[in-house]
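Inspection log for the structure reproduced underneath, given as structure tokens.
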Amino acid sequence: MNPALKACAALVVMHGALCCGPARADWRDDIGTFRIGIVAEPGAGNTVPGLALLTQSFTNALGMKVEFVVARDYAALIEAQANARIEYAIYSATAYATALQRCGCIEPLVAPVDSDGAVGIRSVLLTRDGKLSGLAAMETHRIAMPPPDSVGGSLLPLAELAAEHAEIAEDAPFLIHADTASAAETMLVDGHADATFGWVRAAADGQPLLSGGTQARLEAAGLSPSALQVVWMSSLLRYGPHAVRSDLDPEARRRLTVFLTNLKSTTPDVYDLLESKHSGGFLTVAPRDYATAQAIVRLLSADSGHQ
């Protein structure tokens, strides 16, 4: 071979080795095993349905060894991701916001959507027959409120109303605390309350979708749609995200995003294993999409600080 050609060929080989060889595998080598954290369903112990298929699907997407880590609850999941024992976690909205408050080291990647386009919920204050004219009139009426652990019926309205400077105390005399969301709805139906806090499902643009929420349940209980009025509605609370550590390599992030956003259309059986509650697929999300969840967590933090 011509010496000049030989030298050129050597340079090409060397360039290829430097640029395309070890560098291509660096992020995989750094991670070793990609660990995905998930909270087991109540009563399921540490088992996850379809675990082998899920593991293989993520392995194929990333081109590296993948392992699922089953946490006993969200608190354990948050600690595992904050301490970098897992790279990826599947959260509820408030669990994600709690994790973000805990370490500031995670970012949402995708979140599920319902088949009709709903991406989350909004809290509502519902009255019947125009009995409650607005928030300012609450003090002279009876307002049914679901139990404190109800995100849509209690936590979300308390957080949002505080942000709107219309804060109401949990021990306010006009509030009637119900043991369940159903009991709060019954109070409105039976006339024992003039209004109740509840929730509606909502699309990405915030438009309410009435199926499946409190208004639909009230109508099923016998109230006429024309008898119900929405006095107030909160911001959108997105469904919980799949979140990764902020220091995850961009190529890993890209591969995961492509895999997840195409999962419903390419392998719906795997999608159903990964996401059993919302059947419409995954959409990409950003930190700003969880501002409402962060407001709830700030409220809970403030409450615990006062105790």
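Quick note on naming: the chains in the structure tokens go A, B, ... in the order shown, residues restart at 1 in each chain, and ligands are numbered from 1 in order of appearance.
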*Counting only C-alpha atoms, what is within 9 Å of range 154-168 of chain A, bar same-chain residues fewer than 5 positions away, as a PyMOL selection string?*
chain A and resi 122-125+135-136+145-149+197-198+233-235+237+292-293+295-300
Could you give me, as JSON lines, every range 58-140 of chain A residue with an atom at most 8 Å from range 201-222 of chain A, plus its closest atom pair and distance in Å to one decimal, counting only C-alpha atoms, rows ordered by chain then number?
```
{"residue": "A:Gly117", "atom": "CA", "partner": "A:Ala203", "partner_atom": "CA", "distance": 5.6}
{"residue": "A:Ala118", "atom": "CA", "partner": "A:Ala203", "partner_atom": "CA", "distance": 4.2}
{"residue": "A:Val119", "atom": "CA", "partner": "A:Ala203", "partner_atom": "CA", "distance": 5.4}
{"residue": "A:Gly120", "atom": "CA", "partner": "A:Ala202", "partner_atom": "CA", "distance": 5.6}
{"residue": "A:Ile121", "atom": "CA", "partner": "A:Arg201", "partner_atom": "CA", "distance": 4.3}
{"residue": "A:Arg122", "atom": "CA", "partner": "A:Arg201", "partner_atom": "CA", "distance": 6.3}
{"residue": "A:Leu126", "atom": "CA", "partner": "A:Gln215", "partner_atom": "CA", "distance": 7.8}
```
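Here CA of Thr140 in chain A and CA of Val200 in chain A stand 25.3 Å from one another.
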Margin query: If we count only C-alpha atoms and set the cut-off at 6 Å, which residues sit around range 239-248 of chain A, ignoring sequence neighbours fewer than 3 positions away in its own chain? Please answer as a list in words.
Written below: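 My list of contacting residues is Glu87, Tyr88, Ala89, Ile90, Tyr91, Ser92, Ala93, Cys105, Ile106, Glu107, Pro108, Leu109, Val110, Ala111 and Gly120 of chain A.
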Expressed in Å, the length from CA of Phe68 in chain A to CA of Asp289 in chain A is 26.3 Å
